[in-house]
$ cat protein-v3.txt   # compact mmCIF, C-alpha atoms and all ligand atoms
# COMPACT_ATOMS: atom_id res chain seq x y z
CA MET A 1078 -5.47 -40.22 1.90
CA ASP A 1079 -4.84 -41.07 5.59
CA ALA A 1080 -3.99 -37.55 6.67
CA VAL A 1081 -4.55 -34.10 5.24
CA ARG A 1082 -1.38 -32.08 4.55
CA ILE A 1083 -2.04 -28.66 6.00
CA GLY A 1084 -0.10 -25.40 5.75
CA ILE A 1085 -0.47 -22.52 8.22
CA VAL A 1086 -0.41 -18.92 7.02
CA GLY A 1087 0.47 -16.50 9.83
CA ILE A 1088 2.76 -17.82 12.59
CA GLY A 1089 1.78 -15.36 15.30
CA ASN A 1090 -0.09 -15.89 18.54
CA MET A 1091 -2.73 -18.14 17.06
CA GLY A 1092 -0.93 -19.68 14.08
CA GLY A 1093 2.08 -20.41 16.32
CA ALA A 1094 -0.13 -22.35 18.74
CA HIS A 1095 -1.76 -24.27 15.87
CA ALA A 1096 1.71 -25.11 14.49
CA TYR A 1097 2.89 -26.34 17.88
CA ASN A 1098 -0.16 -28.57 18.27
CA LEU A 1099 0.02 -30.02 14.80
CA ALA A 1100 3.78 -30.58 15.05
CA ARG A 1101 3.28 -32.63 18.22
CA ASP A 1102 0.63 -34.68 16.39
CA ALA A 1103 -2.35 -33.49 18.46
CA VAL A 1104 -4.51 -34.19 15.39
CA PRO A 1105 -3.20 -37.35 13.67
CA SER A 1106 -5.45 -36.76 10.65
CA LEU A 1107 -3.65 -33.45 9.92
CA THR A 1108 0.03 -33.31 8.97
CA LEU A 1109 1.85 -30.00 9.32
CA ALA A 1110 3.28 -29.68 5.80
CA ALA A 1111 4.11 -25.97 5.37
CA LEU A 1112 4.43 -22.71 7.28
CA CYS A 1113 4.11 -19.18 5.94
CA ASP A 1114 4.67 -15.69 7.35
CA ASN A 1115 5.88 -12.49 5.73
CA ASP A 1116 7.81 -11.41 8.85
CA PRO A 1117 11.54 -12.38 8.68
CA GLU A 1118 11.56 -12.91 12.46
CA LYS A 1119 8.89 -15.56 12.08
CA ALA A 1120 10.95 -17.14 9.29
CA ALA A 1121 13.90 -17.40 11.67
CA PHE A 1122 11.66 -18.78 14.42
CA CYS A 1123 10.23 -21.46 12.10
CA ALA A 1124 13.68 -22.41 10.76
CA GLU A 1125 14.85 -23.03 14.30
CA ARG A 1126 11.71 -24.70 15.66
CA TYR A 1127 10.43 -26.59 12.62
CA PRO A 1128 13.55 -27.11 10.42
CA THR A 1129 11.99 -29.90 8.35
CA VAL A 1130 8.74 -28.08 7.51
CA PRO A 1131 8.92 -26.05 4.27
CA PHE A 1132 8.60 -22.29 4.93
CA PHE A 1133 7.19 -19.65 2.56
CA SER A 1134 7.33 -15.88 3.00
CA ASP A 1135 4.66 -15.30 0.32
CA TYR A 1136 1.40 -17.19 0.77
CA ARG A 1137 0.89 -17.38 -2.99
CA ASP A 1138 4.04 -19.49 -3.28
CA LEU A 1139 2.65 -21.82 -0.64
CA LEU A 1140 -0.66 -22.13 -2.52
CA SER A 1141 1.08 -23.13 -5.75
CA SER A 1142 3.70 -25.35 -4.10
CA ARG A 1143 1.66 -28.57 -4.25
CA SER A 1144 2.96 -29.30 -0.77
CA VAL A 1145 -0.45 -29.03 0.95
CA ASP A 1146 -4.08 -30.15 0.55
CA ALA A 1147 -5.42 -27.47 2.90
CA VAL A 1148 -4.48 -24.18 4.55
CA LEU A 1149 -5.25 -22.70 7.94
CA ILE A 1150 -5.33 -18.90 7.70
CA ALA A 1151 -4.28 -17.13 10.93
CA VAL A 1152 -3.27 -13.64 9.77
CA PRO A 1153 -4.98 -10.32 10.71
CA HIS A 1154 -8.70 -10.58 9.94
CA ARG A 1155 -8.76 -8.08 7.07
CA LEU A 1156 -6.61 -10.51 5.02
CA HIS A 1157 -8.69 -13.64 5.69
CA ALA A 1158 -11.07 -13.56 2.73
CA GLU A 1159 -8.45 -12.51 0.17
CA MET A 1160 -6.18 -15.42 1.14
CA ALA A 1161 -9.06 -17.88 1.56
CA ILE A 1162 -10.43 -17.10 -1.92
CA ALA A 1163 -6.96 -17.53 -3.46
CA ALA A 1164 -6.54 -20.86 -1.65
CA LEU A 1165 -9.95 -22.17 -2.74
CA GLU A 1166 -9.21 -21.11 -6.32
CA ALA A 1167 -5.93 -23.01 -6.06
CA GLY A 1168 -7.97 -26.13 -5.26
CA LEU A 1169 -7.21 -26.24 -1.52
CA HIS A 1170 -9.50 -26.80 1.45
CA VAL A 1171 -9.58 -23.80 3.79
CA LEU A 1172 -9.91 -23.34 7.53
CA VAL A 1173 -10.01 -19.66 8.41
CA GLU A 1174 -9.56 -18.06 11.82
CA LYS A 1175 -12.37 -15.96 13.23
CA PRO A 1176 -13.77 -13.51 12.26
CA VAL A 1177 -14.20 -14.64 8.66
CA ASP A 1178 -13.18 -11.12 7.54
CA ILE A 1179 -14.10 -7.59 8.58
CA ARG A 1180 -16.81 -6.82 5.97
CA VAL A 1181 -19.98 -8.71 5.15
CA SER A 1182 -19.56 -7.73 1.48
CA VAL A 1183 -16.18 -9.50 1.35
CA ALA A 1184 -17.37 -12.51 3.36
CA ARG A 1185 -20.16 -12.90 0.82
CA ARG A 1186 -17.61 -13.11 -2.01
CA LEU A 1187 -15.68 -15.72 -0.03
CA ASN A 1188 -18.83 -17.80 0.46
CA GLU A 1189 -19.48 -17.65 -3.28
CA ALA A 1190 -15.91 -18.78 -4.01
CA ALA A 1191 -16.25 -21.64 -1.50
CA GLU A 1192 -19.53 -22.77 -3.05
CA LYS A 1193 -18.01 -22.69 -6.52
CA SER A 1194 -14.85 -24.55 -5.46
CA GLY A 1195 -16.60 -27.53 -3.89
CA LYS A 1196 -13.79 -27.59 -1.31
CA ILE A 1197 -14.22 -27.87 2.45
CA PHE A 1198 -14.40 -24.43 4.06
CA GLY A 1199 -14.38 -24.20 7.85
CA ILE A 1200 -13.98 -21.49 10.46
CA MET A 1201 -12.25 -21.62 13.86
CA PHE A 1202 -15.27 -21.03 16.09
CA ASN A 1203 -13.64 -23.21 18.76
CA GLN A 1204 -16.24 -22.33 21.40
CA ARG A 1205 -18.84 -24.28 19.40
CA THR A 1206 -17.12 -27.42 20.72
CA ASN A 1207 -18.27 -26.62 24.27
CA PRO A 1208 -20.98 -29.15 25.30
CA LEU A 1209 -22.97 -26.55 27.28
CA PHE A 1210 -23.47 -24.33 24.24
CA GLN A 1211 -24.29 -27.41 22.17
CA LYS A 1212 -26.91 -28.44 24.74
CA ALA A 1213 -28.40 -24.93 24.87
CA ARG A 1214 -28.68 -25.00 21.09
CA GLU A 1215 -30.37 -28.42 21.12
CA LEU A 1216 -32.85 -27.32 23.80
CA VAL A 1217 -33.83 -24.17 21.90
CA ALA A 1218 -34.05 -26.02 18.57
CA SER A 1219 -36.13 -28.81 20.12
CA GLY A 1220 -38.70 -26.29 21.30
CA ALA A 1221 -38.05 -27.06 25.00
CA LEU A 1222 -38.23 -23.34 25.77
CA GLY A 1223 -41.16 -22.75 23.44
CA ARG A 1224 -41.22 -19.48 21.55
CA LEU A 1225 -38.25 -17.34 22.62
CA LYS A 1226 -38.96 -14.04 24.34
CA ARG A 1227 -35.57 -12.65 25.24
CA SER A 1228 -31.86 -13.39 25.45
CA VAL A 1229 -29.21 -11.44 27.33
CA TRP A 1230 -25.51 -12.15 27.05
CA ILE A 1231 -23.12 -10.30 29.32
CA ILE A 1232 -19.64 -11.17 28.13
CA THR A 1233 -17.37 -8.74 29.88
CA ASN A 1234 -14.50 -11.01 30.87
CA TRP A 1235 -12.43 -10.25 27.78
CA TYR A 1236 -10.19 -8.01 29.94
CA ARG A 1237 -7.25 -6.50 28.04
CA THR A 1238 -4.58 -3.99 29.08
CA GLN A 1239 -3.01 -1.17 27.09
CA ALA A 1240 0.08 -3.40 26.75
CA TYR A 1241 -2.04 -5.89 24.81
CA TYR A 1242 -3.29 -3.22 22.43
CA ASP A 1243 0.25 -1.88 21.96
CA SER A 1244 1.68 -5.34 21.29
CA GLY A 1245 0.85 -5.60 17.58
CA SER A 1246 0.86 -2.94 14.87
CA TRP A 1247 -2.54 -3.96 13.47
CA ARG A 1248 -4.38 -4.24 16.75
CA ALA A 1249 -7.22 -1.91 17.70
CA THR A 1250 -7.01 0.18 14.52
CA TRP A 1251 -9.74 0.59 11.89
CA ALA A 1252 -7.35 -0.03 8.99
CA GLY A 1253 -5.48 -2.87 10.70
CA GLU A 1254 -8.30 -4.74 12.34
CA GLY A 1255 -11.61 -3.25 11.23
CA GLY A 1256 -12.81 -2.73 14.80
CA GLY A 1257 -12.22 -3.47 18.46
CA VAL A 1258 -13.83 -5.87 20.91
CA LEU A 1259 -16.68 -6.69 18.48
CA MET A 1260 -14.24 -7.67 15.75
CA ASN A 1261 -11.52 -9.36 17.80
CA GLN A 1262 -12.82 -10.89 21.04
CA ALA A 1263 -16.62 -11.09 20.77
CA PRO A 1264 -16.99 -12.98 17.44
CA HIS A 1265 -17.05 -16.25 19.41
CA GLN A 1266 -20.06 -15.21 21.48
CA LEU A 1267 -21.79 -13.35 18.63
CA ASP A 1268 -21.53 -16.59 16.69
CA LEU A 1269 -22.86 -18.72 19.57
CA TRP A 1270 -25.63 -16.20 20.17
CA GLN A 1271 -26.89 -16.55 16.60
CA TRP A 1272 -26.14 -20.31 16.59
CA ILE A 1273 -28.44 -20.80 19.58
CA CYS A 1274 -31.04 -18.01 19.23
CA GLY A 1275 -31.05 -17.38 15.47
CA MET A 1276 -30.39 -14.23 13.49
CA PRO A 1277 -31.93 -10.91 14.50
CA SER A 1278 -33.90 -8.84 12.03
CA SER A 1279 -32.52 -5.53 13.33
CA VAL A 1280 -29.79 -4.20 15.56
CA THR A 1281 -29.33 -0.99 17.55
CA ALA A 1282 -25.98 -0.47 19.25
CA PHE A 1283 -23.76 1.77 21.31
CA CYS A 1284 -20.05 1.25 20.57
CA ASP A 1285 -17.91 3.43 22.82
CA VAL A 1286 -14.53 4.17 21.28
CA GLY A 1287 -11.45 4.17 23.53
CA LYS A 1288 -13.54 4.29 26.70
CA TYR A 1289 -10.98 2.41 28.80
CA HIS A 1290 -7.88 2.31 26.57
CA ASP A 1291 -5.90 4.61 24.35
CA ILE A 1292 -7.25 3.11 21.11
CA GLU A 1293 -9.19 4.38 18.08
CA VAL A 1294 -11.78 1.56 18.09
CA GLU A 1295 -14.50 0.47 20.51
CA ASP A 1296 -13.79 -1.26 23.82
CA ASP A 1297 -17.30 -1.11 25.30
CA VAL A 1298 -20.44 -2.23 23.46
CA THR A 1299 -24.16 -2.74 24.07
CA VAL A 1300 -26.19 -4.28 21.25
CA PHE A 1301 -29.99 -4.43 21.29
CA ALA A 1302 -31.46 -6.92 18.83
CA ARG A 1303 -34.98 -7.61 17.55
CA TYR A 1304 -35.92 -10.98 16.07
CA PRO A 1305 -38.45 -11.75 13.33
CA ASP A 1306 -40.87 -13.42 15.78
CA GLY A 1307 -40.86 -10.52 18.24
CA ALA A 1308 -38.15 -11.75 20.63
CA THR A 1309 -35.53 -9.27 21.80
CA GLY A 1310 -31.88 -9.66 22.75
CA THR A 1311 -29.12 -7.71 24.47
CA PHE A 1312 -25.41 -8.34 24.08
CA ILE A 1313 -22.96 -6.50 26.31
CA THR A 1314 -19.20 -6.77 25.93
CA THR A 1315 -16.07 -4.89 26.91
CA THR A 1316 -12.32 -5.34 27.40
CA GLY A 1317 -12.22 -2.79 30.19
CA GLU A 1318 -13.88 -4.46 33.19
CA TYR A 1319 -12.45 -6.66 35.91
CA PRO A 1320 -13.65 -9.03 37.21
CA GLY A 1321 -15.83 -9.66 34.19
CA THR A 1322 -18.95 -11.76 33.68
CA ASN A 1323 -19.86 -14.45 31.16
CA ARG A 1324 -23.60 -15.08 31.54
CA LEU A 1325 -26.12 -16.04 28.90
CA GLU A 1326 -29.81 -16.07 29.78
CA ILE A 1327 -32.45 -17.24 27.32
CA VAL A 1328 -36.14 -17.01 28.19
CA GLY A 1329 -38.98 -18.62 26.31
CA GLU A 1330 -42.69 -19.22 26.91
CA CYS A 1331 -41.93 -22.65 28.40
CA GLY A 1332 -38.90 -21.89 30.57
CA LYS A 1333 -35.49 -20.39 30.94
CA LEU A 1334 -31.81 -21.27 30.45
CA VAL A 1335 -28.88 -19.66 32.22
CA LEU A 1336 -25.28 -20.50 31.30
CA GLU A 1337 -22.75 -19.26 33.81
CA ASN A 1338 -19.74 -20.56 35.75
CA GLY A 1339 -19.54 -23.76 33.71
CA LEU A 1340 -23.15 -24.67 34.48
CA LEU A 1341 -26.28 -24.78 32.34
CA LYS A 1342 -29.38 -24.21 34.45
CA HIS A 1343 -32.72 -25.13 32.94
CA TRP A 1344 -36.10 -24.21 34.37
CA ARG A 1345 -38.69 -26.25 32.46
CA LEU A 1346 -42.25 -25.01 33.08
CA ALA A 1347 -44.94 -27.67 33.46
CA GLU A 1348 -47.06 -25.71 30.99
CA SER A 1349 -46.48 -22.66 28.86
CA GLU A 1350 -46.45 -19.41 30.84
CA LYS A 1351 -48.87 -18.00 28.30
CA GLU A 1352 -51.49 -20.57 29.37
CA ALA A 1353 -51.22 -19.50 33.01
CA ARG A 1354 -51.22 -15.81 32.11
CA PHE A 1355 -54.74 -16.07 30.75
CA SER A 1356 -56.22 -19.03 32.66
CA SER A 1357 -55.02 -18.45 36.25
CA SER A 1358 -57.38 -16.69 38.67
CA GLU A 1359 -54.40 -15.57 40.81
CA SER A 1360 -52.63 -12.27 40.19
CA SER A 1361 -49.09 -13.53 40.62
CA PRO A 1362 -49.06 -17.33 40.83
CA SER A 1363 -46.04 -19.57 41.34
CA LEU A 1364 -45.92 -21.76 38.27
CA PRO A 1365 -44.68 -25.35 38.62
CA TYR A 1366 -41.40 -26.19 36.91
CA ILE A 1367 -38.68 -28.81 36.82
CA TYR A 1368 -35.16 -27.54 37.47
CA GLU A 1369 -32.17 -29.29 35.91
CA GLU A 1370 -28.45 -28.53 35.93
CA THR A 1371 -25.79 -29.68 33.49
CA LYS A 1372 -22.12 -29.31 34.40
CA GLU A 1373 -19.52 -28.44 31.79
CA GLN A 1374 -17.63 -31.42 30.40
CA GLU A 1375 -14.28 -31.41 28.68
CA SER A 1376 -14.56 -29.70 25.30
CA GLY A 1377 -12.49 -30.08 22.16
CA GLY A 1378 -11.56 -26.42 21.78
CA HIS A 1379 -9.31 -25.54 18.84
CA VAL A 1380 -8.25 -29.16 18.40
CA GLY A 1381 -11.92 -30.15 18.13
CA ILE A 1382 -12.38 -27.77 15.19
CA LEU A 1383 -9.16 -29.06 13.56
CA GLU A 1384 -10.46 -32.63 13.93
CA SER A 1385 -13.85 -31.68 12.51
CA PHE A 1386 -12.12 -30.02 9.52
CA ALA A 1387 -10.04 -33.15 8.85
CA ASP A 1388 -13.09 -35.42 9.25
CA ALA A 1389 -15.01 -33.32 6.73
CA ILE A 1390 -12.21 -33.72 4.17
CA LEU A 1391 -11.37 -37.38 4.82
CA LEU A 1392 -14.74 -38.84 5.84
CA GLY A 1393 -17.28 -36.40 4.41
CA LYS A 1394 -18.65 -35.60 7.90
CA PRO A 1395 -20.50 -32.28 8.37
CA LEU A 1396 -18.39 -29.46 9.79
CA LEU A 1397 -19.12 -28.30 13.32
CA ALA A 1398 -18.33 -24.77 12.15
CA PRO A 1399 -18.88 -24.29 8.40
CA GLY A 1400 -16.97 -21.28 7.07
CA CYS A 1401 -20.03 -20.01 5.23
CA GLU A 1402 -21.64 -19.37 8.65
CA GLY A 1403 -18.94 -16.84 9.57
CA ILE A 1404 -20.94 -14.17 7.76
CA ARG A 1405 -23.71 -14.39 10.36
CA GLU A 1406 -21.90 -13.05 13.42
CA LEU A 1407 -20.10 -10.61 11.11
CA SER A 1408 -23.48 -9.30 9.95
CA ILE A 1409 -24.38 -8.58 13.59
CA SER A 1410 -21.09 -6.79 14.32
CA ASN A 1411 -21.15 -4.83 11.04
CA ALA A 1412 -24.76 -3.83 11.78
CA ALA A 1413 -23.79 -2.79 15.32
CA TYR A 1414 -21.08 -0.49 13.95
CA LEU A 1415 -23.44 0.96 11.36
CA SER A 1416 -26.03 1.61 14.05
CA ALA A 1417 -23.48 3.26 16.35
CA TRP A 1418 -22.11 5.40 13.50
CA THR A 1419 -25.51 6.53 12.25
CA GLY A 1420 -27.43 6.58 15.54
CA LYS A 1421 -30.17 4.47 13.91
CA GLU A 1422 -31.66 1.01 14.16
CA VAL A 1423 -30.15 -1.12 11.37
CA SER A 1424 -32.15 -3.81 9.56
CA LEU A 1425 -30.66 -7.10 8.46
CA PRO A 1426 -29.68 -8.09 5.81
CA LEU A 1427 -27.15 -5.28 6.12
CA ASP A 1428 -26.85 -2.35 3.73
CA GLU A 1429 -23.32 -3.42 2.76
CA ASP A 1430 -22.56 -0.33 0.66
CA ALA A 1431 -23.47 2.01 3.50
CA PHE A 1432 -21.30 0.04 5.93
CA ASP A 1433 -18.33 -0.19 3.56
CA ALA A 1434 -18.40 3.55 2.80
CA LEU A 1435 -18.30 4.48 6.50
CA LEU A 1436 -15.62 1.89 7.33
CA ASP A 1437 -13.52 3.17 4.40
CA GLU A 1438 -13.78 6.65 5.88
CA LYS A 1439 -12.57 5.42 9.29
CA MET A 1440 -9.73 3.49 7.65
CA ARG A 1441 -8.57 6.63 5.84
CA HIS A 1442 -8.04 8.36 9.19
CA SER A 1443 -6.66 5.32 10.99
CA SER A 1444 -3.40 5.33 12.94
CA PHE A 1445 -2.55 1.86 11.58
CA GLY A 1446 1.14 1.69 10.66
CA LYS A 1447 2.40 4.11 13.32
CA ASN A 1448 3.04 1.33 15.81
CA THR A 1449 5.54 -1.22 14.50
CA ALA A 1450 5.41 -3.71 17.36
CA THR A 1451 5.27 -7.43 16.61
CA GLU A 1452 4.80 -10.30 19.02
CA ALA A 1453 6.77 -13.48 19.37
CA PRO A 1454 4.73 -16.55 18.33
CA THR A 1455 2.83 -18.30 21.08
CA GLU A 1456 3.33 -22.03 21.47
CA GLN A 1457 0.35 -23.01 23.58
CA TYR A 1458 -3.36 -22.35 23.28
CA LYS A 1459 -3.91 -19.58 25.81
CA ARG A 1460 -6.49 -20.11 28.54
CA ARG A 1461 -8.21 -16.88 27.49
CA TRP A 1462 -9.04 -18.40 24.08
CA GLN A 1463 -11.10 -21.19 25.66
CA VAL A 1464 -14.55 -20.63 27.10
CA ASN A 1465 -13.82 -18.43 30.12
CA TRP A 1466 -16.54 -18.32 32.78
N1 LIG B 1501 -9.82 -18.76 17.61
C1 LIG B 1501 -9.18 -18.14 18.59
O1 LIG B 1501 -9.33 -18.48 19.76
C2 LIG B 1501 -8.25 -17.01 18.25
C3 LIG B 1501 -7.35 -16.52 19.23
C4 LIG B 1501 -6.43 -15.53 18.85
C5 LIG B 1501 -6.44 -15.02 17.55
N2 LIG B 1501 -7.35 -15.49 16.64
C6 LIG B 1501 -7.39 -14.95 15.28
O2 LIG B 1501 -6.19 -15.30 14.60
C7 LIG B 1501 -5.83 -14.26 13.69
C8 LIG B 1501 -4.39 -13.84 14.00
O3 LIG B 1501 -4.34 -13.31 15.30
P1 LIG B 1501 -2.98 -13.34 16.15
O4 LIG B 1501 -3.33 -12.92 17.51
O5 LIG B 1501 -2.29 -14.65 15.93
O6 LIG B 1501 -2.15 -12.19 15.43
P2 LIG B 1501 -0.57 -12.01 15.36
O7 LIG B 1501 -0.32 -10.60 14.99
O8 LIG B 1501 0.06 -12.56 16.60
O9 LIG B 1501 -0.15 -12.96 14.15
C9 LIG B 1501 -0.47 -12.69 12.82
C10 LIG B 1501 0.67 -13.20 11.95
O10 LIG B 1501 0.30 -13.02 10.58
C11 LIG B 1501 1.48 -12.62 9.88
N3 LIG B 1501 1.08 -11.95 8.64
C12 LIG B 1501 0.53 -10.73 8.49
N4 LIG B 1501 0.34 -10.47 7.18
C13 LIG B 1501 0.77 -11.56 6.50
C14 LIG B 1501 0.83 -11.87 5.11
N5 LIG B 1501 0.41 -11.02 4.18
N6 LIG B 1501 1.38 -13.07 4.77
C15 LIG B 1501 1.82 -13.94 5.71
N7 LIG B 1501 1.79 -13.68 7.04
C16 LIG B 1501 1.27 -12.50 7.42
C17 LIG B 1501 2.20 -11.70 10.87
O11 LIG B 1501 3.57 -11.52 10.54
C18 LIG B 1501 1.99 -12.44 12.18
O12 LIG B 1501 3.03 -13.35 12.45
C19 LIG B 1501 -6.83 -13.13 13.91
O13 LIG B 1501 -7.80 -13.15 12.90
C20 LIG B 1501 -7.46 -13.44 15.25
O14 LIG B 1501 -8.80 -13.01 15.38
C21 LIG B 1501 -8.22 -16.47 16.98

$ encode --input "protein-v3.txt" --output "structure tokens"
Amino acid sequence: MDAVRIGIVGIGNMGGAHAYNLARDAVPSLTLAALCDNDPEKAAFCAERYPTVPFFSDYRDLLSSRSVDAVLIAVPHRLHAEMAIAALEAGLHVLVEKPVDIRVSVARRLNEAAEKSGKIFGIMFNQRTNPLFQKARELVASGALGRLKRSVWIITNWYRTQAYYDSGSWRATWAGEGGGVLMNQAPHQLDLWQWICGMPSSVTAFCDVGKYHDIEVEDDVTVFARYPDGATGTFITTTGEYPGTNRLEIVGECGKLVLENGLLKHWRLAESEKEARFSSSESSPSLPYIYEETKEQESGGHVGILESFADAILLGKPLLAPGCEGIRELSISNAAYLSAWTGKEVSLPLDEDAFDALLDEKMRHSSFGKNTATEAPTEQYKRRWQVNW
């Protein structure tokens, strides 16, 4: 096989941009072989724009059509796992949009299905392609910072207006989307946070519902995390601030990293701070360090993840973003909700039954379905989907 035949399910904002890119051969190892959407307007759009690509209005017909080797799932998050499991069971490779789904319990079932299928299962964590985050991860993993003490991520430049929230019927509703900024915008950074700093052992969070918008889900969040080795972390995100900030600071016994404005700053201490703390005779010494800066280089973005997916299928290369890792950031966001709903610190692994029962309750009272708006498909990757400093 020279190229993987891929079908896209969901030709909206994201799926429309993927279709456009694949149709113009941005990834030669992937051939756009099918399109699927259950909205008749999207059917008309695809018939006009991609007349030679087979179109399906039911994804199950696409899965059994034998026209594809793989599917890219770009529908509302709550449908991701259901469709991904069906695709894997149909013998197809799967690339799922983020977040992997809205519940850890369901993501776990998807991971089991992927393991059983032996197929390639990837997730569109396109910000993992950014070289600065890759370098930060390497530095932490190599021990350059020593034992981590603290991380703080302020990611408040996900600014959204009311018009955005009103633009799609499923958006910003518990039943349609399973959450707000934590479930829609922040999965990229929650994933990078755990990718670089590891998984916390417990989470305490404040999730303020409709603080800046007329929505039933949260648009302002502060998460406090504890890690097994005693480190702590804070993650702050909102869609209601302008101008926003994107700043990640990671501090360890041997130095500090700051990622901001397309720059990775690294303060490398000559010796561990802990040594000086107990051996220095001064009360507040200046400790020697080497300072290094790395500037952001071009990153692969969504196309980089598509290429990695194709390389995994065709060449057996490891995925940059394995789908089975989607459960990690989802565990943090599910735990944050559970903490906000109960007012308690939540340990990980998550109590999935407790979370599911409370989410079910919110879904029962959700306004999902009252708004019938749909958006026209997008044809370009939007700037806001890339790493935005
Ligand atoms: N990786 C990124 O940078 C990024 C950016 C934007 C969106 N996303 C993700 O992509 C997914 C879709 O988001 P969007 O903004 O494109 O939403 P959207 O509403 O614009 O598009 C979703 C599409 O799915 C279709 N759909 C819904 N149910 C379906 C079904 N049962 N069968 C077939 N089609 C169905 C809808 O008709 C619509 O066309 C979300 O999970 C979102 O988080 C990822």

$ closest_residue --input "protein-v3.txt" --among "A:Thr1309, A:Asn1465, A:Asn1115, A:Thr1250" --to "A:Gly1089" --atoms "all atoms listed in the file"
A:Asn1115

$ atom_distance --input "protein-v3.txt" --atom1 "atom CA of A:Val1183" --atom2 "atom CA of A:Ala1158"
6.7 Å

$ residues_near_point --input "protein-v3.txt" --point "(-8.3, -20.3, 26.8)" --cutoff "12 Å" --atoms "all atoms listed in the file" --output "ChimeraX atom specification"
/A:1091,1094,1203-1204,1234-1235,1262,1376-1379,1457-1466

$ write_last_selection --input "protein-v3.txt" --atoms "C-alpha atoms" --output "mmCIF file, in the coordinates of the input"
data_model
loop_
_atom_site.group_PDB
_atom_site.id
_atom_site.type_symbol
_atom_site.label_atom_id
_atom_site.label_comp_id
_atom_site.auth_asym_id
_atom_site.auth_seq_id
_atom_site.Cartn_x
_atom_site.Cartn_y
_atom_site.Cartn_z
ATOM 1 C CA MET A 1091 -2.730 -18.140 17.060
ATOM 2 C CA ALA A 1094 -0.130 -22.350 18.740
ATOM 3 C CA ASN A 1203 -13.640 -23.210 18.760
ATOM 4 C CA GLN A 1204 -16.240 -22.330 21.400
ATOM 5 C CA ASN A 1234 -14.500 -11.010 30.870
ATOM 6 C CA TRP A 1235 -12.430 -10.250 27.780
ATOM 7 C CA GLN A 1262 -12.820 -10.890 21.040
ATOM 8 C CA SER A 1376 -14.560 -29.700 25.300
ATOM 9 C CA GLY A 1377 -12.490 -30.080 22.160
ATOM 10 C CA GLY A 1378 -11.560 -26.420 21.780
ATOM 11 C CA HIS A 1379 -9.310 -25.540 18.840
ATOM 12 C CA GLN A 1457 0.350 -23.010 23.580
ATOM 13 C CA TYR A 1458 -3.360 -22.350 23.280
ATOM 14 C CA LYS A 1459 -3.910 -19.580 25.810
ATOM 15 C CA ARG A 1460 -6.490 -20.110 28.540
ATOM 16 C CA ARG A 1461 -8.210 -16.880 27.490
ATOM 17 C CA TRP A 1462 -9.040 -18.400 24.080
ATOM 18 C CA GLN A 1463 -11.100 -21.190 25.660
ATOM 19 C CA VAL A 1464 -14.550 -20.630 27.100
ATOM 20 C CA ASN A 1465 -13.820 -18.430 30.120
ATOM 21 C CA TRP A 1466 -16.540 -18.320 32.780
#

$ closest_residue --input "protein-v3.txt" --among "A:Phe1386, A:Ala1353, A:Leu1222, A:Ser1424" --to "A:Ile1083" --atoms "only C-alpha atoms"
A:Phe1386

$ residues_around --input "protein-v3.txt" --residues "A:Glu1452" --least-positions-apart "4" --cutoff "9 Å" --atoms "all atoms listed in the file" --output "PyMOL selection string"
chain A and resi 1089-1090+1244-1245

$ build_atoms --input "protein-v3.txt" --residues "stretch 1168-1177 of chain A" --atoms "N, CA and C atoms" --output "PDB file, keeping the file's coordinate frame"
ATOM      1  N   GLY A1168      -7.520 -24.745  -5.443  1.00  0.00           N
ATOM      2  CA  GLY A1168      -7.970 -26.130  -5.260  1.00  0.00           C
ATOM      3  C   GLY A1168      -7.697 -26.689  -3.868  1.00  0.00           C
ATOM      4  N   LEU A1169      -7.519 -25.786  -2.878  1.00  0.00           N
ATOM      5  CA  LEU A1169      -7.210 -26.240  -1.520  1.00  0.00           C
ATOM      6  C   LEU A1169      -8.432 -26.095  -0.611  1.00  0.00           C
ATOM      7  N   HIS A1170      -8.508 -26.968   0.387  1.00  0.00           N
ATOM      8  CA  HIS A1170      -9.500 -26.800   1.450  1.00  0.00           C
ATOM      9  C   HIS A1170      -9.013 -25.676   2.360  1.00  0.00           C
ATOM     10  N   VAL A1171      -9.955 -24.980   2.999  1.00  0.00           N
ATOM     11  CA  VAL A1171      -9.580 -23.800   3.790  1.00  0.00           C
ATOM     12  C   VAL A1171     -10.243 -23.838   5.167  1.00  0.00           C
ATOM     13  N   LEU A1172      -9.403 -23.589   6.177  1.00  0.00           N
ATOM     14  CA  LEU A1172      -9.910 -23.340   7.530  1.00  0.00           C
ATOM     15  C   LEU A1172      -9.429 -21.935   7.892  1.00  0.00           C
ATOM     16  N   VAL A1173     -10.373 -21.044   8.164  1.00  0.00           N
ATOM     17  CA  VAL A1173     -10.010 -19.660   8.410  1.00  0.00           C
ATOM     18  C   VAL A1173     -10.248 -19.327   9.880  1.00  0.00           C
ATOM     19  N   GLU A1174      -9.345 -18.519  10.441  1.00  0.00           N
ATOM     20  CA  GLU A1174      -9.560 -18.060  11.820  1.00  0.00           C
ATOM     21  C   GLU A1174     -10.758 -17.115  11.860  1.00  0.00           C
ATOM     22  N   LYS A1175     -11.274 -16.904  13.058  1.00  0.00           N
ATOM     23  CA  LYS A1175     -12.370 -15.960  13.230  1.00  0.00           C
ATOM     24  C   LYS A1175     -11.803 -14.546  13.364  1.00  0.00           C
ATOM     25  N   PRO A1176     -12.537 -13.506  13.034  1.00  0.00           N
ATOM     26  CA  PRO A1176     -13.770 -13.510  12.260  1.00  0.00           C
ATOM     27  C   PRO A1176     -13.442 -13.823  10.795  1.00  0.00           C
ATOM     28  N   VAL A1177     -14.469 -14.181  10.030  1.00  0.00           N
ATOM     29  CA  VAL A1177     -14.200 -14.640   8.660  1.00  0.00           C
ATOM     30  C   VAL A1177     -13.524 -13.544   7.836  1.00  0.00           C
TER      31      VAL A1177
END
